[in-house]
Structure formats: C-alpha cells, structure tokens
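Structure file start.txt (compact mmCIF, C-alpha atoms and all ligand atoms) follows.
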# COMPACT_ATOMS: atom_id res chain seq x y z
CA MET A 1 1.62 -13.37 -3.57
CA LYS A 2 3.51 -13.65 -6.87
CA LEU A 3 5.03 -10.97 -9.10
CA SER A 4 7.01 -12.21 -12.07
CA GLY A 5 10.60 -10.97 -12.24
CA PHE A 6 10.68 -10.18 -8.52
CA ASP A 7 11.06 -12.13 -5.32
CA VAL A 8 8.07 -11.49 -3.02
CA ARG A 9 8.70 -12.39 0.61
CA SER A 10 6.41 -12.32 3.59
CA LEU A 11 7.98 -10.01 6.19
CA ALA A 12 7.89 -10.27 9.99
CA PRO A 13 8.39 -7.63 12.72
CA SER A 14 12.06 -8.64 12.92
CA ASP A 15 12.40 -7.31 9.35
CA HIS A 16 11.54 -3.74 10.40
CA ALA A 17 14.98 -2.45 9.34
CA ILE A 18 14.18 -3.47 5.74
CA ILE A 19 11.05 -1.30 5.84
CA ALA A 20 12.94 1.55 7.52
CA ASP A 21 15.51 1.55 4.69
CA LEU A 22 12.74 1.64 2.11
CA PHE A 23 10.96 4.57 3.79
CA ALA A 24 14.30 6.38 4.15
CA SER A 25 14.65 6.25 0.35
CA ASP A 26 11.80 8.80 0.11
CA PRO A 27 12.12 11.46 2.84
CA ASN A 28 9.89 13.93 0.99
CA HIS A 29 6.98 11.58 0.87
CA SER A 30 6.94 10.75 4.57
CA ALA A 31 7.14 14.39 5.62
CA LEU A 32 4.70 15.89 3.15
CA VAL A 33 1.94 13.39 2.67
CA GLN A 34 1.73 10.95 5.50
CA SER A 35 2.34 13.15 8.54
CA GLY A 36 5.35 11.05 9.45
CA VAL A 37 3.53 7.70 9.23
CA LEU A 38 6.18 6.50 6.80
CA ALA A 39 9.10 7.83 8.83
CA PRO A 40 11.87 5.21 9.12
CA ASP A 41 11.60 5.15 12.92
CA LYS A 42 7.92 4.16 12.58
CA ALA A 43 8.70 1.19 10.32
CA HIS A 44 7.81 -1.35 13.02
CA ALA A 45 4.21 -0.02 13.10
CA ILE A 46 3.47 -1.48 9.68
CA PHE A 47 3.49 -4.91 11.34
CA THR A 48 1.14 -4.00 14.18
CA ASP A 49 -1.26 -1.32 12.88
CA LEU A 50 -4.69 -2.91 12.73
CA PRO A 51 -8.28 -1.69 12.68
CA LEU A 52 -10.21 -2.25 15.89
CA GLY A 53 -11.32 -5.86 16.23
CA LYS A 54 -8.78 -7.32 13.80
CA ALA A 55 -6.04 -9.74 14.82
CA LEU A 56 -2.48 -10.02 13.54
CA HIS A 57 -3.22 -13.26 11.70
CA ASP A 58 -5.33 -11.15 9.30
CA LYS A 59 -2.41 -8.84 8.49
CA PHE A 60 0.11 -9.45 5.71
CA VAL A 61 3.26 -7.50 4.93
CA TRP A 62 5.17 -8.43 1.80
CA GLY A 63 8.50 -7.10 0.62
CA VAL A 64 9.27 -7.04 -3.11
CA PHE A 65 12.96 -7.76 -3.75
CA ASP A 66 15.07 -7.24 -6.85
CA ASP A 67 18.51 -8.87 -6.78
CA GLY A 68 18.25 -9.16 -2.99
CA ALA A 69 17.39 -5.49 -2.44
CA VAL A 70 13.97 -4.41 -1.24
CA VAL A 71 12.23 -2.18 -3.82
CA ALA A 72 8.63 -2.12 -2.64
CA VAL A 73 6.32 -3.11 0.18
CA ILE A 74 2.65 -4.08 0.43
CA ASP A 75 0.55 -4.07 3.60
CA LEU A 76 -2.75 -5.93 3.34
CA ILE A 77 -5.52 -6.75 5.81
CA ARG A 78 -7.97 -9.58 5.24
CA ASP A 79 -11.74 -9.38 5.78
CA TYR A 80 -12.28 -5.83 6.98
CA PRO A 81 -14.74 -4.25 7.62
CA THR A 82 -16.74 -7.14 6.13
CA PRO A 83 -15.60 -10.73 5.46
CA ASP A 84 -15.28 -10.23 1.70
CA THR A 85 -13.42 -6.88 1.79
CA TRP A 86 -9.62 -6.66 1.87
CA VAL A 87 -7.83 -3.44 2.81
CA LEU A 88 -4.64 -2.21 1.18
CA GLY A 89 -2.93 -0.39 4.04
CA LEU A 90 0.14 0.65 2.08
CA LEU A 91 1.65 0.28 -1.35
CA PHE A 92 5.12 1.81 -1.57
CA VAL A 93 7.61 1.67 -4.43
CA THR A 94 11.13 3.00 -3.99
CA PRO A 95 11.45 6.33 -5.88
CA GLN A 96 14.15 4.90 -8.17
CA LEU A 97 11.66 2.42 -9.68
CA ARG A 98 8.54 4.61 -9.89
CA ASN A 99 6.78 5.40 -13.17
CA GLU A 100 7.86 2.11 -14.74
CA GLY A 101 4.65 0.20 -14.13
CA LEU A 102 5.73 -1.71 -11.01
CA GLY A 103 2.96 -0.16 -8.87
CA ALA A 104 0.29 -1.14 -11.40
CA ARG A 105 1.64 -4.71 -11.54
CA MET A 106 1.64 -4.89 -7.75
CA ILE A 107 -2.01 -3.78 -7.63
CA ASP A 108 -2.88 -6.52 -10.14
CA ALA A 109 -1.02 -9.09 -8.04
CA VAL A 110 -2.77 -7.96 -4.83
CA CYS A 111 -6.18 -8.11 -6.55
CA ARG A 112 -5.47 -11.61 -7.88
CA HIS A 113 -4.32 -12.81 -4.47
CA ALA A 114 -7.29 -11.34 -2.58
CA ALA A 115 -9.77 -12.70 -5.14
CA GLU A 116 -8.19 -16.18 -4.94
CA GLU A 117 -8.59 -16.01 -1.16
CA GLY A 118 -12.31 -15.21 -1.51
CA GLY A 119 -12.22 -11.41 -1.46
CA ALA A 120 -14.86 -9.51 -3.42
CA LYS A 121 -13.57 -5.97 -2.92
CA LEU A 122 -10.26 -4.20 -2.30
CA ARG A 123 -10.47 -0.97 -0.28
CA LEU A 124 -7.89 1.68 0.52
CA ALA A 125 -7.71 5.19 1.92
CA VAL A 126 -5.35 7.77 0.48
CA THR A 127 -4.58 11.20 1.97
CA HIS A 128 -6.22 14.13 0.16
CA LYS A 129 -2.81 15.73 -0.55
CA ASN A 130 -1.53 12.60 -2.29
CA THR A 131 -3.06 13.44 -5.66
CA ASP A 132 -0.46 11.36 -7.56
CA ALA A 133 -1.57 8.23 -5.72
CA GLN A 134 -5.26 9.08 -6.22
CA ARG A 135 -4.70 9.35 -9.98
CA PHE A 136 -2.69 6.11 -9.92
CA TYR A 137 -5.51 4.24 -8.14
CA VAL A 138 -8.22 5.60 -10.47
CA ARG A 139 -6.13 4.34 -13.39
CA ALA A 140 -5.85 0.99 -11.60
CA GLY A 141 -9.65 0.69 -11.49
CA PHE A 142 -10.55 2.12 -8.08
CA SER A 143 -13.58 4.38 -7.55
CA ASN A 144 -14.19 6.97 -4.87
CA ALA A 145 -16.22 5.61 -1.97
CA GLY A 146 -16.35 8.64 0.30
CA THR A 147 -14.06 10.48 2.69
CA ARG A 148 -13.13 10.12 6.34
CA ASP A 149 -10.88 11.89 8.83
CA ARG A 150 -7.88 10.34 10.58
CA ARG A 151 -6.53 11.87 13.76
CA GLU A 152 -2.72 11.74 13.79
CA ALA A 153 -0.56 11.17 16.87
CA ASP A 154 0.19 14.90 16.98
CA GLY A 155 -3.53 15.77 17.06
CA ARG A 156 -3.80 16.99 13.48
CA VAL A 157 -6.62 15.66 11.33
CA THR A 158 -5.87 14.22 7.89
CA LYS A 159 -8.62 13.95 5.29
CA LEU A 160 -8.67 10.57 3.56
CA HIS A 161 -10.29 9.53 0.30
CA VAL A 162 -11.67 6.01 0.54
CA MET A 163 -11.44 4.08 -2.74
CA ASP A 164 -12.82 0.67 -3.70
CA LYS A 165 -12.21 -1.82 -6.47
CA ALA A 166 -14.41 -4.85 -7.16
CA LEU A 167 -12.45 -8.10 -7.44
CA THR A 168 -13.10 -10.80 -9.99
CA ARG A 169 -11.69 -14.31 -10.00
CA ALA A 170 -9.66 -15.25 -13.07
C1 LIG A 201 1.76 5.38 -5.80
C2 LIG A 201 2.93 4.45 -6.19
C3 LIG A 201 2.79 3.13 -5.42
C4 LIG A 201 2.84 4.16 -7.70
O1 LIG A 201 3.88 3.27 -8.02
P1 LIG A 201 4.58 3.29 -9.47
O2 LIG A 201 5.42 2.08 -9.56
O3 LIG A 201 5.21 4.61 -9.74
O4 LIG A 201 3.26 3.12 -10.38
P2 LIG A 201 3.21 2.98 -11.98
O5 LIG A 201 4.56 3.12 -12.58
O6 LIG A 201 2.44 1.76 -12.27
O7 LIG A 201 2.30 4.22 -12.38
C5 LIG A 201 2.67 5.53 -12.03
C6 LIG A 201 2.71 6.46 -13.22
O8 LIG A 201 3.68 6.01 -14.16
C7 LIG A 201 3.06 5.84 -15.42
N1 LIG A 201 3.65 4.65 -15.99
C8 LIG A 201 3.29 3.37 -15.79
N2 LIG A 201 4.08 2.54 -16.52
C9 LIG A 201 4.96 3.33 -17.17
C10 LIG A 201 6.03 3.07 -18.06
N3 LIG A 201 6.32 1.83 -18.44
N4 LIG A 201 6.75 4.13 -18.51
C11 LIG A 201 6.44 5.39 -18.12
N5 LIG A 201 5.43 5.69 -17.29
C12 LIG A 201 4.70 4.68 -16.83
C13 LIG A 201 1.62 5.65 -15.10
O9 LIG A 201 0.81 6.03 -16.19
C14 LIG A 201 1.42 6.57 -13.94
O10 LIG A 201 1.28 7.90 -14.41
P3 LIG A 201 0.51 9.05 -13.61
O11 LIG A 201 1.50 9.62 -12.63
O12 LIG A 201 0.09 10.02 -14.63
O13 LIG A 201 -0.65 8.38 -12.88
C15 LIG A 201 4.30 5.11 -5.93
O14 LIG A 201 4.30 6.39 -6.51
C16 LIG A 201 4.64 5.26 -4.46
O15 LIG A 201 5.16 4.36 -3.84
N6 LIG A 201 4.35 6.44 -3.86
C17 LIG A 201 4.67 6.70 -2.45
C18 LIG A 201 3.77 5.90 -1.52
C19 LIG A 201 2.32 6.19 -1.79
O16 LIG A 201 1.90 7.32 -1.96
N7 LIG A 201 1.54 5.11 -1.83
C20 LIG A 201 0.09 5.22 -2.09
C21 LIG A 201 -0.67 5.53 -0.87
S1 LIG A 201 -0.77 4.12 0.16
This structure in structure tokens:
Amino acid sequence: MKLSGFDVRSLAPSDHAIIADLFASDPNHSALVQSGVLAPDKAHAIFTDLPLGKALHDKFVWGVFDDGAVVAVIDLIRDYPTPDTWVLGLLFVTPQLRNEGLGARMIDAVCRHAAEEGGAKLRLAVTHKNTDAQRFYVRAGFSNAGTRDRREADGRVTKLHVMDKALTRA
C-alpha cells in the first residue's frame, strides 16, 4: 500500500511494541470506545485476530511512518465474508496528527489497494459510541449496512454499526 509523503511498512507480530506505543498515545480512546481492545498490552492481538475460517495469510497490518516514527496503523483482511469483500479491522491515527486529512487519505489508499487486488467492497464495523469515526466514515463514502453485537472478553456486549463502501478500479 502506498501513501505519498509517508513510509508504509508491512508489520509482523515481532513489531507489536510499535503498535503498543501507538495505542498508548491515546489512552482515552482505548478505555472509552473500544472496551480495552486498543490497550497497549493487547497490541499483539492485531496480528492474530481473525474471523472464523480465515487464515493469517489473508491478514495485513501496515504501519504508517513519518520520519521513522509510527503515526498510524491499518489492519485489513482480504476476502471476508465473501471473496470480493475486504474488511478494515482498524484504522488508527495518532492523536497529534488527527483532523489534518491523514485518515481520509489512508481510506483512499486502502480502497485503491483493495480494488487493485480485486476487491469490490470495503466493510468495517464501528462501535456505536464512536460517533466521530461514524461521521468520518460517512464522509469517506461508507453507508450503513446494519448493526451487530460483539461480546467482549469481560462479557459485556458492544453494539457495532456495520458500514460498507463500494470499490471502483481507477
Ligand atoms: C477516525 C480517525 C482514523 C480519523 O483520522 P483523521 O486523520 O483525524 O481523519 P481526517 O483528518 O481525514 O478527518 C477527521 C476530521 O478532520 C476534518 N479534516 C480533514 N482534513 C482536515 C484539514 N486539512 N484541516 C482541518 N480539518 C480537517 C474532517 O472533516 C473530519 O471532520 P469531522 O470530525 O467533522 O468528521 C482518527 O480519529 C482515529 O484514529 N481515531 C481513533 C481510532 C478510531 O476510532 N478508528 C476508527 C474505528 S476503527
């Protein structure tokens, strides 16, 4: 995946400390919205979390670096739940760089990449409390595609808004 002005690197489980540092830059977000999913000590899970039936070779984690420092991360899964649908598991921009258009550019880059690889649709699920992200995704061209519940490790249930965007090849 390419993003002009930034270095985009594919990350491996051994890079979990890079993700932990990024999550640690936003303690409010992990506690309030994601029920601890983005807690620094859960950083390794980004490399292994997969829907049932998917294998690790369909999972991609990219770090976005600026002058050698990680500023954002993308987690993408290929061909789920159907062969032409790609799932955006996480898009995270460090708080210091938010509201400058980086998130929107990352969405464009993800859409381009998935379309080039044969994807027809990009899907994501955002927690119902994360209204900022919902507004961001609507602006980026996503539409509501229903809701579903996610049971967290502590037994609580989080309501998720599923959102889709059709992909077109350039
Ligand atoms: C959601 C998220 C990825 C958006 O990233 P971002 O880099 O801030 O996104 P953008 O800058 O493109 O857009 C965000 C806002 O800034 C505004 N904006 C975009 N470019 C701008 C610019 N050049 N100057 C000022 N504002 C700008 C957008 O209009 C948008 O406004 P809104 O809040 O009214 O929707 C980021 O907030 C984030 O990482 N949040 C925590 C993790 C998360 O919730 N991820 C989504 C669920 S997986």
Taking all atoms listed in the file into account, which residues are within 8 Å of ligand LIG 201 (chain A), as a VMD selection string? chain A and resid 26 29 33 72 88 to 95 97 to 105 124 to 127 130 132 to 137 139
Return the single residue from A:His128, A:Arg156, A:Lys42, A:Arg148 that is closest to Ile19 of chain A, with distances computed using all atoms listed in the file. A:Lys42
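You can rank A:Val73, A:Val138, A:Thr82, A:Lys129 by their closest distance to Leu160 of chain A using all atoms listed in the file, and at the top of that list sits A:Lys129.
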Near-Met1 of chain A list (7 Å; all atoms listed in the file; drop same-chain fewer than 5 positions) as number ranges by chain: A: 8, 109, 113
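For the pair atom CA of Ala140 of chain A and atom CA of Glu116 of chain A, the separation is 18.6 Å.
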Select, from A:Met106, A:Ala43, A:Leu56, A:Ala145, the residue with the minimum atom-to-atom distance to Ile74 of chain A, counting all atoms listed in the file. A:Met106
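Counting from atom CA of His44 of chain A, the distance to atom CA of Val157 of chain A is 22.4 Å.
Candidate residues A:Leu50, A:Val70, A:Arg123, A:Thr131 were compared for distance to Ser143 of chain A, and the nearest is A:Arg123, using only C-alpha atoms.
Reported to one decimal place, the separation of atom CA of Leu11 of chain A from atom CA of Thr85 of chain A is 22.1 Å.
Of the listed residues A:Leu122, A:Val71, A:Ile77, A:Ala24, the one whose atoms come nearest to Asp108 of chain A is A:Leu122, with distances taken using all atoms listed in the file.
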